[in-house]
file input-v6.cif (mmCIF, C-alpha atoms)
data_input
loop_
_atom_site.group_PDB
_atom_site.id
_atom_site.type_symbol
_atom_site.label_atom_id
_atom_site.label_comp_id
_atom_site.auth_asym_id
_atom_site.auth_seq_id
_atom_site.Cartn_x
_atom_site.Cartn_y
_atom_site.Cartn_z
ATOM 1 C CA MET A 1 229.191 74.031 107.974
ATOM 2 C CA SER A 2 226.085 74.028 105.798
ATOM 3 C CA THR A 3 225.619 76.773 103.225
ATOM 4 C CA ASN A 4 221.854 76.223 103.201
ATOM 5 C CA GLY A 5 219.230 77.730 105.461
ATOM 6 C CA VAL A 6 219.491 80.775 107.675
ATOM 7 C CA GLY A 7 221.721 81.820 110.536
ATOM 8 C CA PRO A 8 220.769 82.744 114.110
ATOM 9 C CA TRP A 9 217.719 84.984 114.529
ATOM 10 C CA LEU A 10 218.657 88.655 114.574
ATOM 11 C CA GLY A 11 216.902 90.951 117.018
ATOM 12 C CA GLU A 12 214.231 90.210 119.565
ATOM 13 C CA TRP A 13 212.972 86.636 119.478
ATOM 14 C CA PRO A 14 209.336 86.085 118.420
ATOM 15 C CA ASP A 15 206.890 85.353 121.226
ATOM 16 C CA ASP A 16 205.321 82.378 119.485
ATOM 17 C CA PRO A 17 205.315 78.778 120.762
ATOM 18 C CA ARG A 18 205.807 77.458 117.223
ATOM 19 C CA PHE A 19 209.410 78.681 117.235
ATOM 20 C CA ASP A 20 212.276 76.510 118.473
ATOM 21 C CA HIS A 21 214.693 78.322 120.768
ATOM 22 C CA GLU A 22 217.649 76.192 119.693
ATOM 23 C CA LEU A 23 217.024 77.038 116.043
ATOM 24 C CA LEU A 24 216.597 80.716 116.861
ATOM 25 C CA ARG A 25 219.884 80.626 118.732
ATOM 26 C CA HIS A 26 221.981 78.610 116.269
ATOM 27 C CA GLY A 27 220.210 78.999 112.924
ATOM 28 C CA ASP A 28 218.057 76.709 110.798
ATOM 29 C CA THR A 29 219.719 74.676 108.035
ATOM 30 C CA ARG A 30 216.806 72.284 107.459
ATOM 31 C CA ASN A 31 215.308 71.769 104.008
ATOM 32 C CA VAL A 32 212.035 73.583 104.754
ATOM 33 C CA ILE A 33 210.220 76.428 103.029
ATOM 34 C CA ASP A 34 210.751 79.939 104.386
ATOM 35 C CA ARG A 35 207.388 79.930 106.161
ATOM 36 C CA TYR A 36 208.640 77.183 108.484
ATOM 37 C CA ARG A 37 212.073 78.602 109.267
ATOM 38 C CA TYR A 38 212.876 78.279 112.970
ATOM 39 C CA TRP A 39 209.622 76.377 113.672
ATOM 40 C CA ARG A 40 209.545 73.277 115.851
ATOM 41 C CA MET A 41 209.019 70.061 113.884
ATOM 42 C CA GLU A 42 205.756 69.351 115.736
ATOM 43 C CA ALA A 43 204.498 72.826 114.831
ATOM 44 C CA ILE A 44 205.264 72.260 111.152
ATOM 45 C CA VAL A 45 203.401 68.933 111.150
ATOM 46 C CA ALA A 46 200.425 70.517 112.898
ATOM 47 C CA ASP A 47 200.315 73.334 110.343
ATOM 48 C CA LEU A 48 200.596 70.902 107.424
ATOM 49 C CA ASP A 49 197.706 68.921 108.906
ATOM 50 C CA GLU A 50 195.530 71.997 108.500
ATOM 51 C CA HIS A 51 195.839 71.941 104.702
ATOM 52 C CA ARG A 52 196.869 68.488 103.530
ATOM 53 C CA HIS A 53 195.101 67.364 100.378
ATOM 54 C CA PRO A 54 192.506 64.555 100.608
ATOM 55 C CA PHE A 55 194.430 62.043 98.501
ATOM 56 C CA HIS A 56 196.633 59.289 99.907
ATOM 57 C CA VAL A 57 199.550 57.431 98.350
ATOM 58 C CA ALA A 58 200.234 53.701 98.733
ATOM 59 C CA ILE A 59 203.202 51.587 97.659
ATOM 60 C CA GLU A 60 203.660 47.830 97.588
ATOM 61 C CA ASN A 61 207.006 47.025 99.233
ATOM 62 C CA TRP A 62 207.731 43.325 98.859
ATOM 63 C CA GLN A 63 211.370 43.646 97.774
ATOM 64 C CA HIS A 64 212.559 46.655 99.785
ATOM 65 C CA ASP A 65 212.007 49.113 96.936
ATOM 66 C CA MET A 66 214.601 51.915 96.942
ATOM 67 C CA ASN A 67 212.121 54.376 95.407
ATOM 68 C CA ILE A 68 209.936 54.682 98.505
ATOM 69 C CA GLY A 69 211.993 57.488 100.024
ATOM 70 C CA SER A 70 211.601 59.568 96.876
ATOM 71 C CA ILE A 71 207.871 58.840 96.795
ATOM 72 C CA VAL A 72 207.515 60.006 100.404
ATOM 73 C CA ARG A 73 209.401 63.180 99.497
ATOM 74 C CA SER A 74 207.037 63.858 96.569
ATOM 75 C CA ALA A 75 204.008 63.110 98.754
ATOM 76 C CA ASN A 76 205.234 65.749 101.184
ATOM 77 C CA ALA A 77 205.796 68.236 98.342
ATOM 78 C CA PHE A 78 202.235 67.745 97.082
ATOM 79 C CA ALA A 79 200.793 67.697 100.630
ATOM 80 C CA ALA A 80 199.331 64.197 100.405
ATOM 81 C CA ASP A 81 197.376 63.132 103.458
ATOM 82 C CA THR A 82 199.277 59.921 104.236
ATOM 83 C CA VAL A 83 201.707 57.495 102.610
ATOM 84 C CA HIS A 84 200.811 53.821 103.055
ATOM 85 C CA ILE A 85 203.499 51.161 102.767
ATOM 86 C CA ILE A 86 202.174 47.677 102.037
ATOM 87 C CA GLY A 87 204.334 44.659 102.784
ATOM 88 C CA ARG A 88 207.790 45.055 104.267
ATOM 89 C CA ARG A 89 207.873 47.587 107.066
ATOM 90 C CA ARG A 90 211.480 48.579 106.426
ATOM 91 C CA TRP A 91 212.298 51.036 103.678
ATOM 92 C CA ASN A 92 215.268 53.200 102.737
ATOM 93 C CA LYS A 93 214.614 56.651 104.182
ATOM 94 C CA ARG A 94 217.617 58.336 102.579
ATOM 95 C CA GLY A 95 215.648 59.346 99.496
ATOM 96 C CA ALA A 96 213.004 61.009 101.662
ATOM 97 C CA MET A 97 215.515 63.743 102.599
ATOM 98 C CA VAL A 98 214.036 63.920 106.131
ATOM 99 C CA THR A 99 210.523 64.665 104.784
ATOM 100 C CA ASP A 100 209.270 61.498 106.511
ATOM 101 C CA ARG A 101 209.407 63.522 109.739
ATOM 102 C CA TYR A 102 206.688 65.789 108.381
ATOM 103 C CA GLN A 103 204.695 63.258 106.346
ATOM 104 C CA HIS A 104 202.265 60.764 107.880
ATOM 105 C CA VAL A 105 203.356 57.207 107.013
ATOM 106 C CA GLN A 106 201.230 54.137 107.786
ATOM 107 C CA HIS A 107 202.106 50.452 107.389
ATOM 108 C CA HIS A 108 199.875 47.581 106.238
ATOM 109 C CA ASP A 109 201.030 43.968 106.420
ATOM 110 C CA ASP A 110 199.474 42.956 103.118
ATOM 111 C CA VAL A 111 197.169 44.029 100.306
ATOM 112 C CA ALA A 112 194.105 42.595 102.042
ATOM 113 C CA GLY A 113 194.730 44.703 105.131
ATOM 114 C CA PHE A 114 195.279 47.809 103.038
ATOM 115 C CA VAL A 115 192.105 47.213 101.019
ATOM 116 C CA GLU A 116 190.117 46.779 104.214
ATOM 117 C CA TRP A 117 191.498 50.068 105.524
ATOM 118 C CA ALA A 118 190.624 51.890 102.276
ATOM 119 C CA LYS A 119 187.105 50.444 102.307
ATOM 120 C CA ASP A 120 186.547 51.521 105.913
ATOM 121 C CA ALA A 121 187.853 55.001 105.052
ATOM 122 C CA GLY A 122 185.539 55.213 102.030
ATOM 123 C CA LEU A 123 188.460 55.833 99.667
ATOM 124 C CA PRO A 124 188.528 54.395 96.134
ATOM 125 C CA ILE A 125 191.848 52.807 95.138
ATOM 126 C CA ILE A 126 193.330 54.151 91.906
ATOM 127 C CA ALA A 127 196.130 51.899 90.681
ATOM 128 C CA ILE A 128 198.850 53.431 88.524
ATOM 129 C CA ASP A 129 200.259 50.805 86.160
ATOM 130 C CA ASN A 130 200.545 50.122 82.430
ATOM 131 C CA VAL A 131 198.549 46.929 82.214
ATOM 132 C CA PRO A 132 195.881 45.848 79.701
ATOM 133 C CA GLY A 133 192.627 47.717 80.250
ATOM 134 C CA SER A 134 194.203 50.723 81.967
ATOM 135 C CA VAL A 135 192.920 54.258 81.290
ATOM 136 C CA ILE A 136 195.261 56.933 79.932
ATOM 137 C CA ILE A 137 195.976 59.428 82.717
ATOM 138 C CA GLU A 138 195.198 62.472 80.545
ATOM 139 C CA THR A 139 191.616 61.239 80.151
ATOM 140 C CA PHE A 140 191.016 60.105 83.728
ATOM 141 C CA ALA A 141 189.065 62.142 86.294
ATOM 142 C CA PHE A 142 190.667 61.484 89.665
ATOM 143 C CA PRO A 143 188.251 61.353 92.612
ATOM 144 C CA ARG A 144 188.932 64.175 95.041
ATOM 145 C CA GLU A 145 189.283 61.693 97.900
ATOM 146 C CA CYS A 146 191.193 58.580 96.872
ATOM 147 C CA VAL A 147 194.337 56.480 97.262
ATOM 148 C CA LEU A 148 196.913 56.410 94.470
ATOM 149 C CA LEU A 149 198.460 52.930 94.495
ATOM 150 C CA PHE A 150 201.903 52.214 93.047
ATOM 151 C CA GLY A 151 203.865 49.034 92.516
ATOM 152 C CA GLN A 152 207.531 48.262 92.821
ATOM 153 C CA GLU A 153 210.189 49.132 90.311
ATOM 154 C CA GLY A 154 210.240 46.302 87.758
ATOM 155 C CA PRO A 155 207.353 43.964 88.628
ATOM 156 C CA GLY A 156 204.816 46.738 89.146
ATOM 157 C CA LEU A 157 201.623 46.063 91.070
ATOM 158 C CA SER A 158 200.694 42.553 92.146
ATOM 159 C CA PRO A 159 197.659 40.901 90.538
ATOM 160 C CA GLU A 160 195.929 41.081 93.934
ATOM 161 C CA ALA A 161 196.413 44.847 94.096
ATOM 162 C CA ILE A 162 195.185 45.343 90.531
ATOM 163 C CA ALA A 163 192.088 43.234 91.228
ATOM 164 C CA ALA A 164 191.294 45.258 94.353
ATOM 165 C CA SER A 165 191.542 48.626 92.597
ATOM 166 C CA ASP A 166 188.545 50.682 91.524
ATOM 167 C CA ALA A 167 190.393 51.934 88.435
ATOM 168 C CA VAL A 168 193.764 51.405 86.764
ATOM 169 C CA VAL A 169 195.456 54.414 85.197
ATOM 170 C CA GLU A 170 198.403 54.418 82.811
ATOM 171 C CA ILE A 171 200.872 57.280 82.327
ATOM 172 C CA SER A 172 201.272 58.106 78.635
ATOM 173 C CA GLN A 173 204.755 57.437 77.265
ATOM 174 C CA PHE A 174 206.185 58.254 73.864
ATOM 175 C CA GLY A 175 209.696 56.808 73.841
ATOM 176 C CA SER A 176 211.181 53.340 73.484
ATOM 177 C CA THR A 177 211.093 52.200 77.105
ATOM 178 C CA ARG A 178 208.115 50.258 78.437
ATOM 179 C CA SER A 179 207.968 51.937 81.830
ATOM 180 C CA ILE A 180 209.264 54.876 83.817
ATOM 181 C CA ASN A 181 210.858 54.951 87.250
ATOM 182 C CA ALA A 182 208.395 54.209 90.055
ATOM 183 C CA SER A 183 209.109 57.418 91.958
ATOM 184 C CA ALA A 184 208.803 59.461 88.761
ATOM 185 C CA ALA A 185 205.468 57.789 88.016
ATOM 186 C CA ALA A 186 204.249 58.637 91.495
ATOM 187 C CA ALA A 187 205.211 62.297 91.089
ATOM 188 C CA VAL A 188 203.442 62.474 87.713
ATOM 189 C CA ALA A 189 200.244 60.945 89.123
ATOM 190 C CA MET A 190 200.226 63.168 92.202
ATOM 191 C CA HIS A 191 200.666 66.248 90.061
ATOM 192 C CA ALA A 192 197.843 65.089 87.787
ATOM 193 C CA TRP A 193 195.603 64.985 90.877
ATOM 194 C CA ILE A 194 196.795 68.492 91.811
ATOM 195 C CA THR A 195 195.970 69.944 88.383
ATOM 196 C CA GLN A 196 192.413 68.607 88.653
ATOM 197 C CA HIS A 197 191.615 69.583 92.235
ATOM 198 C CA VAL A 198 193.723 72.550 93.344
ATOM 199 C CA THR A 199 192.779 76.105 92.430
ATOM 200 C CA PHE A 200 195.694 78.484 91.955
#
call {"tool": "encode", "arguments": {"input": "input-v6.cif", "output": "structure tokens"}}
result
Amino acid sequence: MSTNGVGPWLGEWPDDPRFDHELLRHGDTRNVIDRYRYWRMEAIVADLDEHRHPFHVAIENWQHDMNIGSIVRSANAFAADTVHIIGRRRWNKRGAMVTDRYQHVQHHDDVAGFVEWAKDAGLPIIAIDNVPGSVIIETFAFPRECVLLFGQEGPGLSPEAIAASDAVVEISQFGSTRSINASAAAAVAMHAWITQHVTF
């Protein structure tokens, strides 16, 4: 038995189509915020669609990167519009902690196809990588509508992806290691976008 979530609904059931009768009857142990307790999954997605932020996230996935699940989870937390996976269609969903059910995920066969999509959507591609010529993230003004593009753990972004990007941004580091975990980098970059474009 899970110790998370809430038990069966007490009292008269709400007359609202967003609520799931099975969850009302048996309780809701899902990892969702209180606002969405007892809601149907489709209702949660529809509500999220009303206030998703206008930035997208993209990841190159040539070697079945294990960080993608965590990146999808962070994209859901920051209400990114869509996560785009470039390359291999398969990815490990365990790290997403079921958030992939609420987050739009789109696949692109290769970088060229992704770039064509971004161009058609009118979205500049902002690569996040520590390569020569990159701009320090603390000094970069993120476009309100854009795609944040991340590479794999280890090799980073491919030369093709870097060449196709409108800007390349580097996360400042102050220790001995050359790079940080790919999913951590994605969370840092998404939050940087949030601090520039969301009013609290």
call {"tool": "residues_around", "arguments": {"input": "input-v6.cif", "residues": "Ala43 in chain A", "least_positions_apart": "4", "cutoff": "9 Å", "atoms": "only C-alpha atoms", "output": "short mmCIF file (atom, residue, chain, number, x, y, z; two decimals) with C-alpha atoms, in the frame of the given file"}}
result
data_model
loop_
_atom_site.label_atom_id
_atom_site.label_comp_id
_atom_site.auth_asym_id
_atom_site.auth_seq_id
_atom_site.Cartn_x
_atom_site.Cartn_y
_atom_site.Cartn_z
CA PRO A 17 205.32 78.78 120.76
CA ARG A 18 205.81 77.46 117.22
CA PHE A 19 209.41 78.68 117.24
CA TYR A 36 208.64 77.18 108.48
CA TRP A 39 209.62 76.38 113.67
CA ASP A 47 200.32 73.33 110.34
CA LEU A 48 200.60 70.90 107.42
#
call {"tool": "residues_around", "arguments": {"input": "input-v6.cif", "residues": "range 25-29 of chain A", "least_positions_apart": "5", "cutoff": "8 Å", "atoms": "all atoms listed in the file", "output": "list of chain:residue names"}}
result
A:Ser2, A:Thr3, A:Asn4, A:Gly5, A:Val6, A:Gly7, A:Pro8, A:Trp9, A:Arg37, A:Tyr38
call {"tool": "closest_atom_pairs", "arguments": {"input": "input-v6.cif", "of": "range 154-191 of chain A", "to": "range 141-148 of chain A", "cutoff": "9 Å", "atoms": "all atoms listed in the file", "output": "tab-separated table"}}
result
residue	atom	partner	partner_atom	distance
A:Ala186	CA	A:Leu148	CA	8.2
A:Ala189	CA	A:Leu148	CA	7.8
A:Met190	CA	A:Leu148	CA	7.9
call {"tool": "resolve_selection", "arguments": {"input": "input-v6.cif", "expression": "the PyMOL selection byres ((chain A and resi 62) around 7)", "output": "PyMOL selection string"}}
result
chain A and resi 60-61+63-64+87-88
call {"tool": "closest_residue", "arguments": {"input": "input-v6.cif", "among": "A:Leu10, A:Ile59, A:Ala182, A:Val131", "to": "Ile85 in chain A", "atoms": "all atoms listed in the file"}}
result
A:Ile59
